Amino acid sequence: MELARAHVLVCGGTGCTSSGSEKIINALESALKEKNLENEIKVVKTGCFGLCALGPIMIVYPEGVFYSMVTPEDIPEIVEEYFLKGRVVKRLVYKETLTEGDSVKSLNEVDFYKNQMRIALRNCGVINPEDIDEYIAYDGYKALGKVLTEMKPQEVIDEIKKSGLRGRGGAGFSTGMKWQFTADAPGDKKFVACNADEGDPGAFMDRSVLEGDPHSLIEAMAIAAYAVGADRGFVYIRAEYPIAVKRLNIAIEQAREYGLLGNNIFGTDFCFDMELRLGAGAFVCGEETALMTSIEGHRGEPRPRPPFPAIKGLWQKPTLLNNVETYANITAIINKGADWFNTIGTEKSKGTKVFAVGGKINNTGLVEVPMGTTLREVVYDIGGGIPNGKKFKAAQTGGPSGGCIPAHLIDTPIDYDNLTAIGSMMGSGGLIVMDEDTCMVDIAKFFLEFTVDESCGKCTPCRVGTKRLLEILTKITEGKGTLEDIDKLEELCYAIKDSAFCGLGQTAPNPILSTLKYFRDEYIAHVVDKKCPAGVCKALVSYKIDPEKCKGCSLCARNCPVGAISGKIKEPYVIDTDKCIKCGVCASACKFNAISK
Amino acid sequence: MSEKATPAFVMTKEQEEKVQQVIAKYKGTDGALIPVLHEVQEIIGYLPIEVQKVISEGIDVPMSEIYGVVTFYTQFSINPKGKYKIGVCLGTACYVKGSGDILEKIKQILGIDVGECTEDGKFSLEATRCIGACGLAPVFTVNDDVYGRLVVDDVEGILAKYMD
């Protein structure tokens, strides 16, 4: 093998690809060639490194220099200055890593990373996901070898049970118990499946594992298949994730070539192979029974439970279904032992959780923290706080099935049980931060629009009920609501929770119930005072010019698209509220901060 | 379905051949329908009723079932798409950062609503689910190009690039 003097790791995850990392790689390769450095410096395309907000990012080892927001135009300078002359291009280095002297700090000392603990994401951004040898060099397929040659299936299940691992897809059911049920189910044909239909808006943890470390999923599914007695696996993956699909396909091919999938793996009697099934854009298919109906080739409508998938799953055969992040923990547990894993986290929630942190926060990206970390640590220590000096209002977890955590509960340690107790849920790991400019009624409406759209239509409470909820919310945001509407809204929420057929419908009212619980005053402001405190709901907003602050410069009037502002130069201007379409252009144009909502 | 009377869709010889290859590849596989629909849509661009009939005969699944599946999943379309497919992300991260306003602006410029195509067949507009580029929110895509960290005023300039 050729030895390179330096390795350049360029992120090829969806976030950085969207911000142009392919072009960076091309520019880098041609610039290195021009300087005859192509044999000395190796360019590696990796998976997501987490700090998506700063993309495209690249890290150069052995020094660990972290360049962020790189453009193709910057590449010649980096090659000339850094690779040729050894001088760090300071203007492109992530500012948190800069020290006073000439050296740069290691990434592990940066706030964003130092409070994290990466188990599920251990290889993301570290290895080339399209090269099985790199995975193997990082202890890849060691756990599978150990399981097949040294452990009985029941011992594997016992180890997973002992680790305390719970399902990372949202509900938090004990993974070991699920494996046990499937193993115990009668039947000679069994399946293992992976739920990679990550549908929560704003959540992309699973995609990052699939893109950055696809072999860890394959290895874990093979281990699971051995434990429960299956020989065939399916990964149900969103078609919206083309990079993940491609890398997983490459990984499966390579595993087959190495004999790590197929017949007589590691020279034992164990045979296992797997394939992908692409979703087609239906949120309900994240529900386990709907997912299996979809794999079978039908409309993805849920089926009654029981029988649970462990008893009657795919094609009526016992099926083990876990989420991507759950599988991503398996090999680490086998390699390092359940006793190591269950020291991490809280009493009832072991290990770590990956969150996709987004919304009104400085460091958007992917974060993995031990269970029990507080929301404050995630938002301020790791996430770098709220931009533009705004105030933290709430964080939303669990997507359309979850709820919000208000500012006064920001010190709650995050685990399954705590989040459920405060009316939210762990969910799959989307964590959207909201500041004072976010209207909580509008957010509830946003999630209901989503569920109305995604309801499969099978049961009436969900099909009709969510629609009625949305209508009431719309009425409130348009300023036509009454106090009675709020009571009706709440009553209907509980009725739907009790009567809907599957998880989608049963949890659809959660965004309303939790905003009502913590932000009822905002609902009341909408219906009684006819005001939207955050200034989001257009029907309830009116713009006015403060005559004290207005300098009469006419900038607002010249920018108004409908001619609603009039006045004389050097005298205060006025807005004609009948003509005003509340677009807000005037407020952003004003240089004196004289226009307010 | 659109109410305009449209002439029956006829596949070109090349398309017909490719579609038959897909059918041959999946015939007899468990749960073949959805993978077949994905690949056929890739070949033709959408799934006109005439093509659904070919699939029905090819893999021996009733038309009612195929039509049910095609209309259930948002990725499948029975209407043609524009040359430039615009997708505005309405995932939560993009939404709280103002992607709703971006969508409004695009609608206003193109004069079409979500799910529609401009008359010249150039642009079609979709409101998409989270595409996972949350770090760049708000974002929209034009075919494979992703535009991120947007403000409303950026929209006009970006669309102009595709107007020719």
# chains A, B, ... in the order shown; residues from 1 in each chain; ligands from 1
$ residues_around --residues "Phe270 of chain A" --least-positions-apart "4" --cutoff "12 Å" --atoms "only C-alpha atoms" --output "JSON list (two decimals) with N, CA and C atoms, in the first residue's frame"
[["chain", "number", "residue", "atom", "x", "y", "z"],
["A", 144, "LEU", "N", -19.07, -9.45, 14.20],
["A", 144, "LEU", "CA", -19.77, -10.54, 13.51],
["A", 144, "LEU", "C", -18.97, -11.84, 13.63],
["A", 145, "GLY", "N", -17.65, -11.73, 13.45],
["A", 145, "GLY", "CA", -16.79, -12.91, 13.58],
["A", 145, "GLY", "C", -16.89, -13.51, 14.98],
["A", 147, "VAL", "N", -19.35, -13.19, 17.18],
["A", 147, "VAL", "CA", -20.68, -13.73, 17.41],
["A", 147, "VAL", "C", -20.82, -15.11, 16.77],
["A", 148, "LEU", "N", -20.37, -15.21, 15.50],
["A", 148, "LEU", "CA", -20.57, -16.46, 14.76],
["A", 148, "LEU", "C", -19.70, -17.59, 15.28],
["A", 149, "THR", "N", -18.50, -17.26, 15.77],
["A", 149, "THR", "CA", -17.59, -18.33, 16.15],
["A", 149, "THR", "C", -17.55, -18.60, 17.65],
["A", 152, "LYS", "N", -23.46, -18.33, 21.21],
["A", 152, "LYS", "CA", -24.72, -18.93, 20.77],
["A", 152, "LYS", "C", -25.72, -17.81, 20.55],
["A", 153, "PRO", "N", -26.73, -18.02, 19.68],
["A", 153, "PRO", "CA", -27.71, -16.95, 19.45],
["A", 153, "PRO", "C", -28.28, -16.38, 20.75],
["A", 222, "ALA", "N", -26.57, -8.58, 10.17],
["A", 222, "ALA", "CA", -26.15, -9.98, 10.10],
["A", 222, "ALA", "C", -26.12, -10.59, 11.50],
["A", 223, "ILE", "N", -25.63, -9.81, 12.49],
["A", 223, "ILE", "CA", -25.61, -10.29, 13.87],
["A", 223, "ILE", "C", -27.04, -10.56, 14.35],
["A", 224, "ALA", "N", -27.94, -9.62, 14.05],
["A", 224, "ALA", "CA", -29.34, -9.78, 14.46],
["A", 224, "ALA", "C", -29.95, -11.02, 13.81],
["A", 225, "ALA", "N", -29.63, -11.23, 12.53],
["A", 225, "ALA", "CA", -30.18, -12.38, 11.82],
["A", 225, "ALA", "C", -29.72, -13.69, 12.47],
["A", 226, "TYR", "N", -28.44, -13.70, 12.86],
["A", 226, "TYR", "CA", -27.91, -14.89, 13.54],
["A", 226, "TYR", "C", -28.65, -15.11, 14.86],
["A", 227, "ALA", "N", -28.87, -14.01, 15.60],
["A", 227, "ALA", "CA", -29.49, -14.13, 16.92],
["A", 227, "ALA", "C", -30.94, -14.60, 16.86],
["A", 228, "VAL", "N", -31.69, -14.14, 15.86],
["A", 228, "VAL", "CA", -33.11, -14.50, 15.82],
["A", 228, "VAL", "C", -33.40, -15.67, 14.87],
["A", 229, "GLY", "N", -32.40, -16.08, 14.09],
["A", 229, "GLY", "CA", -32.60, -17.21, 13.18],
["A", 229, "GLY", "C", -33.18, -16.82, 11.84],
["A", 230, "ALA", "N", -32.72, -15.70, 11.28],
["A", 230, "ALA", "CA", -33.20, -15.28, 9.96],
["A", 230, "ALA", "C", -32.09, -15.46, 8.94],
["A", 231, "ASP", "N", -32.47, -15.51, 7.65],
["A", 231, "ASP", "CA", -31.43, -15.62, 6.63],
["A", 231, "ASP", "C", -31.57, -14.56, 5.54],
["A", 232, "ARG", "N", -32.57, -13.69, 5.70],
["A", 232, "ARG", "CA", -32.75, -12.68, 4.67],
["A", 232, "ARG", "C", -33.12, -11.35, 5.33],
["A", 259, "GLY", "N", -17.31, -12.25, 1.20],
["A", 259, "GLY", "CA", -17.92, -13.39, 1.85],
["A", 259, "GLY", "C", -18.54, -13.07, 3.21],
["A", 260, "LEU", "N", -18.80, -11.78, 3.44],
["A", 260, "LEU", "CA", -19.39, -11.38, 4.71],
["A", 260, "LEU", "C", -20.92, -11.34, 4.62],
["A", 261, "LEU", "N", -21.40, -11.48, 3.40],
["A", 261, "LEU", "CA", -22.82, -11.74, 3.15],
["A", 261, "LEU", "C", -22.84, -12.94, 2.21],
["A", 262, "GLY", "N", -23.87, -13.76, 2.33],
["A", 262, "GLY", "CA", -23.94, -14.91, 1.45],
["A", 262, "GLY", "C", -23.97, -16.20, 2.26],
["A", 263, "ASN", "N", -23.43, -17.25, 1.65],
["A", 263, "ASN", "CA", -23.48, -18.55, 2.33],
["A", 263, "ASN", "C", -22.25, -18.81, 3.19],
["A", 264, "ASN", "N", -22.43, -19.53, 4.27],
["A", 264, "ASN", "CA", -21.34, -19.99, 5.14],
["A", 264, "ASN", "C", -20.38, -18.87, 5.53],
["A", 265, "ILE", "N", -20.95, -17.85, 6.14],
["A", 265, "ILE", "CA", -20.15, -16.69, 6.53],
["A", 265, "ILE", "C", -19.16, -17.09, 7.63],
["A", 266, "PHE", "N", -17.91, -16.64, 7.51],
["A", 266, "PHE", "CA", -16.82, -17.01, 8.42],
["A", 266, "PHE", "C", -16.67, -18.53, 8.55]]
$ select_by_dssp --residues "segment 86-159 of chain B" --states "strand (DSSP E)" --output "list of chain:residue names"
B:Ile86, B:Gly87, B:Val88, B:Cys89, B:Phe123, B:Ser124, B:Leu125, B:Glu126, B:Ala127, B:Thr128, B:Phe140, B:Thr141, B:Val142, B:Asp145, B:Val146, B:Tyr147
$ interface_residues --of "chain A" --to "chain B" --cutoff "6 Å" --atoms "only C-alpha atoms" --output "number ranges by chain"
A: 15, 18, 52-53, 201-202, 204, 280-282, 296-297, 299, 358-359, 364-365
$ write_last_selection --atoms "C-alpha atoms" --output "PDB file, in the first residue's frame"
ATOM      1  CA  GLY A  15     -25.434  18.558   3.703  1.00  0.00           C
ATOM      2  CA  SER A  18     -25.574  20.359  -1.225  1.00  0.00           C
ATOM      3  CA  CYS A  52     -23.334  20.911   8.510  1.00  0.00           C
ATOM      4  CA  ALA A  53     -23.788  24.643   9.064  1.00  0.00           C
ATOM      5  CA  PRO A 201     -38.952  16.702   8.913  1.00  0.00           C
ATOM      6  CA  GLY A 202     -35.683  18.072  10.215  1.00  0.00           C
ATOM      7  CA  PHE A 204     -31.273  13.233   9.354  1.00  0.00           C
ATOM      8  CA  ALA A 280     -41.786   6.304  -2.300  1.00  0.00           C
ATOM      9  CA  GLY A 281     -42.589   9.283  -0.158  1.00  0.00           C
ATOM     10  CA  ALA A 282     -45.165   8.273   2.419  1.00  0.00           C
ATOM     11  CA  GLU A 296     -44.633  -6.339   0.170  1.00  0.00           C
ATOM     12  CA  GLY A 297     -45.497  -3.960  -2.684  1.00  0.00           C
ATOM     13  CA  ARG A 299     -50.193   0.858  -0.431  1.00  0.00           C
ATOM     14  CA  GLY A 358     -31.575  22.637  13.470  1.00  0.00           C
ATOM     15  CA  GLY A 359     -33.686  25.756  13.350  1.00  0.00           C
ATOM     16  CA  THR A 364     -26.767  23.303  12.997  1.00  0.00           C
ATOM     17  CA  GLY A 365     -25.705  19.745  12.498  1.00  0.00           C
TER      18      GLY A 365
END
$ select_by_dssp --residues "segment 29-160 of chain B" --states "helix (DSSP H, G or I)" --output "ChimeraX atom specification"
/B:33-44,49-59,63-72,92-96,99-110,134-136,154-160
$ closest_residue --among "A:Leu555, A:Lys353, A:Ile344, A:Ile414" --to "Arg376 of chain A" --atoms "only C-alpha atoms"
A:Ile414
$ residues_around --residues "Ser349 of chain A" --least-positions-apart "2" --cutoff "12 Å" --atoms "only C-alpha atoms" --output "short mmCIF file (atom, residue, chain, number, x, y, z; two decimals) with N, CA and C atoms, in the first residue's frame"
data_model
loop_
_atom_site.label_atom_id
_atom_site.label_comp_id
_atom_site.auth_asym_id
_atom_site.auth_seq_id
_atom_site.Cartn_x
_atom_site.Cartn_y
_atom_site.Cartn_z
N SER A 163 -27.32 -4.87 27.91
CA SER A 163 -26.80 -3.53 27.60
C SER A 163 -27.84 -2.45 27.90
N GLY A 164 -29.12 -2.84 27.94
CA GLY A 164 -30.17 -1.85 28.20
C GLY A 164 -30.52 -1.01 26.99
N LEU A 165 -30.03 -1.39 25.79
CA LEU A 165 -30.31 -0.62 24.58
C LEU A 165 -31.82 -0.59 24.30
N ARG A 166 -32.33 0.62 24.00
CA ARG A 166 -33.73 0.77 23.63
C ARG A 166 -33.83 1.34 22.23
N GLY A 167 -34.94 1.03 21.55
CA GLY A 167 -35.11 1.40 20.14
C GLY A 167 -34.94 2.89 19.92
N ARG A 168 -34.10 3.25 18.95
CA ARG A 168 -33.80 4.65 18.71
C ARG A 168 -34.77 5.29 17.71
N ALA A 171 -40.00 5.13 19.96
CA ALA A 171 -40.82 4.63 21.05
C ALA A 171 -39.99 4.13 22.23
N GLY A 172 -38.77 3.70 21.97
CA GLY A 172 -37.88 3.32 23.05
C GLY A 172 -38.14 1.95 23.65
N PHE A 173 -38.65 1.02 22.84
CA PHE A 173 -38.87 -0.34 23.32
C PHE A 173 -37.54 -1.06 23.47
N SER A 174 -37.44 -1.96 24.45
CA SER A 174 -36.19 -2.67 24.70
C SER A 174 -35.79 -3.51 23.48
N THR A 175 -34.60 -3.25 22.95
CA THR A 175 -34.14 -3.95 21.76
C THR A 175 -33.95 -5.44 22.03
N PHE A 341 -21.39 -0.54 27.88
CA PHE A 341 -22.47 0.27 27.33
C PHE A 341 -23.41 0.76 28.43
N ASN A 342 -23.74 -0.13 29.38
CA ASN A 342 -24.76 0.29 30.34
C ASN A 342 -24.23 1.16 31.48
N THR A 343 -22.94 1.54 31.39
CA THR A 343 -22.47 2.57 32.33
C THR A 343 -22.74 3.96 31.77
N ILE A 344 -23.06 4.02 30.46
CA ILE A 344 -23.30 5.32 29.82
C ILE A 344 -24.79 5.63 29.89
N GLY A 345 -25.13 6.86 30.17
CA GLY A 345 -26.54 7.25 30.15
C GLY A 345 -27.17 7.30 31.52
N THR A 346 -28.51 7.24 31.55
CA THR A 346 -29.24 7.34 32.80
C THR A 346 -29.73 5.95 33.23
N GLU A 347 -30.46 5.91 34.33
CA GLU A 347 -30.86 4.62 34.88
C GLU A 347 -31.64 3.77 33.88
N GLY A 351 -26.70 4.42 27.04
CA GLY A 351 -25.99 4.76 25.81
C GLY A 351 -26.13 6.23 25.45
N THR A 352 -26.06 6.47 24.14
CA THR A 352 -26.08 7.85 23.64
C THR A 352 -27.30 8.04 22.74
N LYS A 353 -27.54 9.27 22.35
CA LYS A 353 -28.58 9.55 21.35
C LYS A 353 -28.04 10.58 20.38
N PRO A 370 -24.37 11.55 25.44
CA PRO A 370 -24.87 10.52 26.35
C PRO A 370 -26.29 10.86 26.80
N MET A 371 -27.14 9.86 26.97
CA MET A 371 -28.47 10.08 27.52
C MET A 371 -28.31 10.79 28.86
N GLY A 372 -29.20 11.72 29.13
CA GLY A 372 -29.11 12.42 30.40
C GLY A 372 -28.45 13.79 30.28
N THR A 373 -27.89 14.07 29.10
CA THR A 373 -27.37 15.41 28.83
C THR A 373 -28.55 16.37 28.86
N PRO A 413 -32.75 16.67 32.06
CA PRO A 413 -31.87 15.70 31.40
C PRO A 413 -32.65 14.95 30.31
N ILE A 414 -32.10 14.87 29.11
CA ILE A 414 -32.82 14.25 28.01
C ILE A 414 -32.73 12.73 28.10
N ASP A 415 -33.83 12.07 28.37
CA ASP A 415 -33.92 10.63 28.15
C ASP A 415 -35.37 10.28 27.81
N TYR A 416 -35.62 9.02 27.49
CA TYR A 416 -36.97 8.64 27.03
C TYR A 416 -38.05 9.06 28.02
N ASP A 417 -37.82 8.70 29.31
CA ASP A 417 -38.89 8.86 30.29
C ASP A 417 -39.12 10.32 30.67
N ASN A 418 -38.03 11.09 30.78
CA ASN A 418 -38.20 12.50 31.10
C ASN A 418 -38.96 13.24 30.02
N LEU A 419 -38.63 12.96 28.76
CA LEU A 419 -39.29 13.68 27.68
C LEU A 419 -40.76 13.32 27.61
N MET A 426 -38.88 11.41 22.79
CA MET A 426 -37.54 11.35 22.21
C MET A 426 -37.63 11.41 20.69
#
$ residues_around --residues "Leu248 of chain A" --least-positions-apart "3" --cutoff "9 Å" --atoms "only C-alpha atoms" --output "tab-separated table (two decimals) with N, CA and C atoms, in the first residue's frame"
chain	number	residue	atom	x	y	z
A	129	PRO	N	-16.63	5.69	3.31
A	129	PRO	CA	-17.72	4.72	3.42
A	129	PRO	C	-17.82	3.78	2.21
A	130	GLU	N	-17.10	4.12	1.13
A	130	GLU	CA	-17.19	3.27	-0.06
A	130	GLU	C	-16.04	2.27	-0.10
A	210	LEU	N	-26.08	5.93	7.35
A	210	LEU	CA	-26.11	5.19	6.09
A	210	LEU	C	-25.06	5.73	5.12
A	211	GLU	N	-24.91	7.05	5.10
A	211	GLU	CA	-23.96	7.65	4.17
A	211	GLU	C	-22.53	7.53	4.65
A	213	ASP	N	-21.30	5.36	7.25
A	213	ASP	CA	-20.82	4.10	7.82
A	213	ASP	C	-21.77	2.95	7.47
A	214	PRO	N	-22.00	2.70	6.18
A	214	PRO	CA	-23.02	1.72	5.81
A	214	PRO	C	-22.71	0.30	6.28
A	215	HIS	N	-21.41	-0.03	6.39
A	215	HIS	CA	-21.07	-1.40	6.79
A	215	HIS	C	-21.50	-1.71	8.22
A	217	LEU	N	-24.23	-0.99	9.56
A	217	LEU	CA	-25.60	-1.48	9.49
A	217	LEU	C	-25.64	-2.92	8.99
A	218	ILE	N	-24.86	-3.19	7.94
A	218	ILE	CA	-24.85	-4.54	7.38
A	218	ILE	C	-24.38	-5.54	8.43
A	243	ILE	N	-27.79	9.49	-2.04
A	243	ILE	CA	-26.39	9.18	-1.70
A	243	ILE	C	-26.34	7.97	-0.77
A	244	ALA	N	-27.26	7.94	0.18
A	244	ALA	CA	-27.30	6.81	1.12
A	244	ALA	C	-27.60	5.51	0.38
A	245	VAL	N	-28.53	5.55	-0.57
A	245	VAL	CA	-28.89	4.36	-1.33
A	245	VAL	C	-27.67	3.84	-2.09
A	251	ALA	N	-21.74	-0.93	-0.46
A	251	ALA	CA	-21.30	-1.68	0.72
A	251	ALA	C	-21.79	-3.13	0.67
A	252	ILE	N	-23.04	-3.32	0.26
A	252	ILE	CA	-23.58	-4.70	0.19
A	252	ILE	C	-22.77	-5.52	-0.82
A	253	GLU	N	-22.48	-4.91	-1.98
A	253	GLU	CA	-21.68	-5.59	-3.01
A	253	GLU	C	-20.32	-6.02	-2.44
A	276	LEU	N	-32.10	-3.86	-0.60
A	276	LEU	CA	-32.76	-2.59	-0.29
A	276	LEU	C	-34.15	-2.56	-0.89
$ residues_around --residues "Gly47 of chain A" --least-positions-apart "6" --cutoff "8 Å" --atoms "only C-alpha atoms" --output "list in words"
Cys11, Gly12, Gly13, Cys124, Gly125, Val126, Ile127, Asn128, Pro129, Ser208, Val209, Glu211, Gly212 and Asp213 of chain A
$ residues_around --residues "segment 460-472 of chain A" --least-positions-apart "4" --cutoff "10 Å" --atoms "only C-alpha atoms" --output "PyMOL selection string"
chain A and resi 444-456+476-478+480-482+485-486+488-490+492-493+495-502+504-509+512
$ write_last_selection --atoms "N, CA and C atoms" --output "CSV table (one decimal), in the first residue's frame"
chain,number,residue,atom,x,y,z
A,444,ALA,N,-47.7,24.5,15.6
A,444,ALA,CA,-48.7,23.4,15.7
A,444,ALA,C,-49.4,23.2,14.4
A,445,LYS,N,-49.8,24.4,13.8
A,445,LYS,CA,-50.5,24.3,12.5
A,445,LYS,C,-49.6,23.7,11.4
A,446,PHE,N,-48.3,24.0,11.4
A,446,PHE,CA,-47.4,23.5,10.5
A,446,PHE,C,-47.4,21.9,10.6
A,447,PHE,N,-47.3,21.4,11.8
A,447,PHE,CA,-47.2,20.0,12.0
A,447,PHE,C,-48.6,19.3,11.6
A,448,LEU,N,-49.7,20.0,11.9
A,448,LEU,CA,-51.0,19.4,11.5
A,448,LEU,C,-51.1,19.4,10.0
A,449,GLU,N,-50.6,20.4,9.3
A,449,GLU,CA,-50.7,20.4,7.8
A,449,GLU,C,-49.9,19.1,7.3
A,450,PHE,N,-48.8,18.9,8.0
A,450,PHE,CA,-48.0,17.7,7.6
A,450,PHE,C,-48.8,16.4,7.8
A,451,THR,N,-49.4,16.2,9.0
A,451,THR,CA,-50.1,15.0,9.3
A,451,THR,C,-51.4,14.8,8.4
A,452,VAL,N,-52.1,15.9,8.2
A,452,VAL,CA,-53.3,15.9,7.3
A,452,VAL,C,-52.8,15.3,5.9
A,453,ASP,N,-51.7,15.9,5.5
A,453,ASP,CA,-51.2,15.5,4.2
A,453,ASP,C,-50.8,14.0,4.2
A,454,GLU,N,-50.2,13.5,5.3
A,454,GLU,CA,-49.6,12.2,5.3
A,454,GLU,C,-50.5,11.1,5.9
A,455,SER,N,-51.7,11.5,6.4
A,455,SER,CA,-52.6,10.5,6.9
A,455,SER,C,-53.0,9.6,5.7
A,456,CYS,N,-52.9,8.3,6.0
A,456,CYS,CA,-53.1,7.3,4.9
A,456,CYS,C,-54.6,7.2,4.6
A,476,ILE,N,-57.9,30.0,14.2
A,476,ILE,CA,-57.3,30.8,15.2
A,476,ILE,C,-56.2,31.7,14.7
A,477,THR,N,-55.4,31.2,13.8
A,477,THR,CA,-54.3,32.0,13.2
A,477,THR,C,-54.8,33.1,12.3
A,478,GLU,N,-56.0,33.0,11.9
A,478,GLU,CA,-56.6,34.1,11.1
A,478,GLU,C,-57.3,35.1,11.9
A,480,LYS,N,-60.0,34.5,13.8
A,480,LYS,CA,-61.4,34.3,13.8
A,480,LYS,C,-61.8,33.3,14.9
A,481,GLY,N,-60.8,32.9,15.7
A,481,GLY,CA,-61.1,31.9,16.7
A,481,GLY,C,-61.7,32.5,18.0
A,482,THR,N,-62.4,31.6,18.8
A,482,THR,CA,-62.9,32.0,20.0
A,482,THR,C,-62.3,31.1,21.1
A,485,ASP,N,-63.3,27.6,20.8
A,485,ASP,CA,-62.5,26.8,19.8
A,485,ASP,C,-61.3,26.1,20.5
A,486,ILE,N,-60.7,26.8,21.4
A,486,ILE,CA,-59.5,26.2,22.1
A,486,ILE,C,-60.0,25.0,22.9
A,488,LYS,N,-62.6,23.1,22.3
A,488,LYS,CA,-63.0,22.0,21.3
A,488,LYS,C,-61.7,21.4,20.7
A,489,LEU,N,-60.7,22.2,20.5
A,489,LEU,CA,-59.5,21.7,19.9
A,489,LEU,C,-58.9,20.6,20.9
A,490,GLU,N,-58.9,21.0,22.2
A,490,GLU,CA,-58.3,20.1,23.2
A,490,GLU,C,-59.1,18.8,23.3
A,492,LEU,N,-61.0,17.4,21.0
A,492,LEU,CA,-60.8,16.6,19.8
A,492,LEU,C,-59.4,15.9,19.8
A,493,CYS,N,-58.4,16.6,20.3
A,493,CYS,CA,-57.1,16.0,20.4
A,493,CYS,C,-57.1,14.7,21.2
A,495,ALA,N,-59.7,12.8,21.9
A,495,ALA,CA,-60.5,11.8,21.2
A,495,ALA,C,-59.7,11.1,20.1
A,496,ILE,N,-58.9,11.8,19.4
A,496,ILE,CA,-58.1,11.2,18.3
A,496,ILE,C,-57.0,10.3,18.9
A,497,LYS,N,-56.4,10.8,20.0
A,497,LYS,CA,-55.4,10.0,20.6
A,497,LYS,C,-55.9,8.6,21.1
A,498,ASP,N,-57.1,8.6,21.5
A,498,ASP,CA,-57.7,7.4,22.0
A,498,ASP,C,-58.2,6.5,20.9
A,499,SER,N,-58.5,7.0,19.8
A,499,SER,CA,-59.3,6.2,18.8
A,499,SER,C,-58.5,5.9,17.5
A,500,ALA,N,-57.4,6.6,17.2
A,500,ALA,CA,-56.8,6.4,15.9
A,500,ALA,C,-56.2,5.0,15.9
A,501,PHE,N,-56.0,4.5,14.6
A,501,PHE,CA,-55.6,3.1,14.4
A,501,PHE,C,-54.1,2.9,14.7
A,502,CYS,N,-53.3,3.8,14.2
A,502,CYS,CA,-51.9,3.5,14.3
A,502,CYS,C,-51.1,4.7,15.0
A,504,LEU,N,-49.3,7.0,13.9
A,504,LEU,CA,-49.3,8.3,13.3
A,504,LEU,C,-50.5,9.1,13.8
A,505,GLY,N,-51.7,8.5,13.8
A,505,GLY,CA,-52.9,9.2,14.3
A,505,GLY,C,-52.9,9.4,15.8
A,506,GLN,N,-52.4,8.4,16.5
A,506,GLN,CA,-52.4,8.5,18.0
A,506,GLN,C,-51.5,9.7,18.5
A,507,THR,N,-50.5,9.9,17.7
A,507,THR,CA,-49.5,11.0,18.2
A,507,THR,C,-49.7,12.3,17.4
A,508,ALA,N,-50.6,12.3,16.4
A,508,ALA,CA,-50.7,13.5,15.6
A,508,ALA,C,-51.2,14.8,16.5
A,509,PRO,N,-52.0,14.6,17.5
A,509,PRO,CA,-52.4,15.7,18.3
A,509,PRO,C,-51.3,16.3,19.2
A,512,ILE,N,-50.1,19.9,19.2
A,512,ILE,CA,-51.1,20.9,19.7
A,512,ILE,C,-51.2,20.8,21.2
$ residues_around --residues "Tyr543 of chain A" --least-positions-apart "6" --cutoff "10 Å" --atoms "only C-alpha atoms" --output "mmCIF file with C-alpha atoms, in the first residue's frame"
data_model
loop_
_atom_site.group_PDB
_atom_site.id
_atom_site.type_symbol
_atom_site.label_atom_id
_atom_site.label_comp_id
_atom_site.auth_asym_id
_atom_site.auth_seq_id
_atom_site.Cartn_x
_atom_site.Cartn_y
_atom_site.Cartn_z
ATOM 1 C CA GLY A 535 -45.635 38.531 14.797
ATOM 2 C CA VAL A 574 -47.525 56.634 7.529
ATOM 3 C CA ILE A 575 -48.750 53.190 6.465
ATOM 4 C CA ASP A 576 -52.248 52.795 5.046
ATOM 5 C CA THR A 577 -53.291 49.584 6.822
ATOM 6 C CA CYS A 580 -50.831 47.025 3.388
ATOM 7 C CA ILE A 581 -50.256 43.369 2.457
ATOM 8 C CA LYS A 582 -48.000 42.814 5.500
ATOM 9 C CA CYS A 583 -45.049 41.637 3.479
ATOM 10 C CA GLY A 584 -42.574 43.252 5.877
ATOM 11 C CA CYS A 586 -40.636 48.223 4.688
ATOM 12 C CA ALA A 587 -39.461 46.993 8.081
ATOM 13 C CA ILE A 595 -41.138 50.281 11.635
ATOM 14 C CA SER A 596 -42.515 47.655 13.991
ATOM 15 C CA LYS A 597 -45.228 45.029 14.067
#
$ atom_distance --atom1 "atom CA of Lys591 of chain A" --atom2 "atom CA of Leu159 of chain B"
28.7 Å
$ atom_distance --atom1 "atom CA of Lys122 of chain B" --atom2 "atom CA of Gly82 of chain B"
4.8 Å
$ atom_distance --atom1 "atom CA of Gln396 of chain A" --atom2 "atom CA of Ile119 of chain A"
23.8 Å
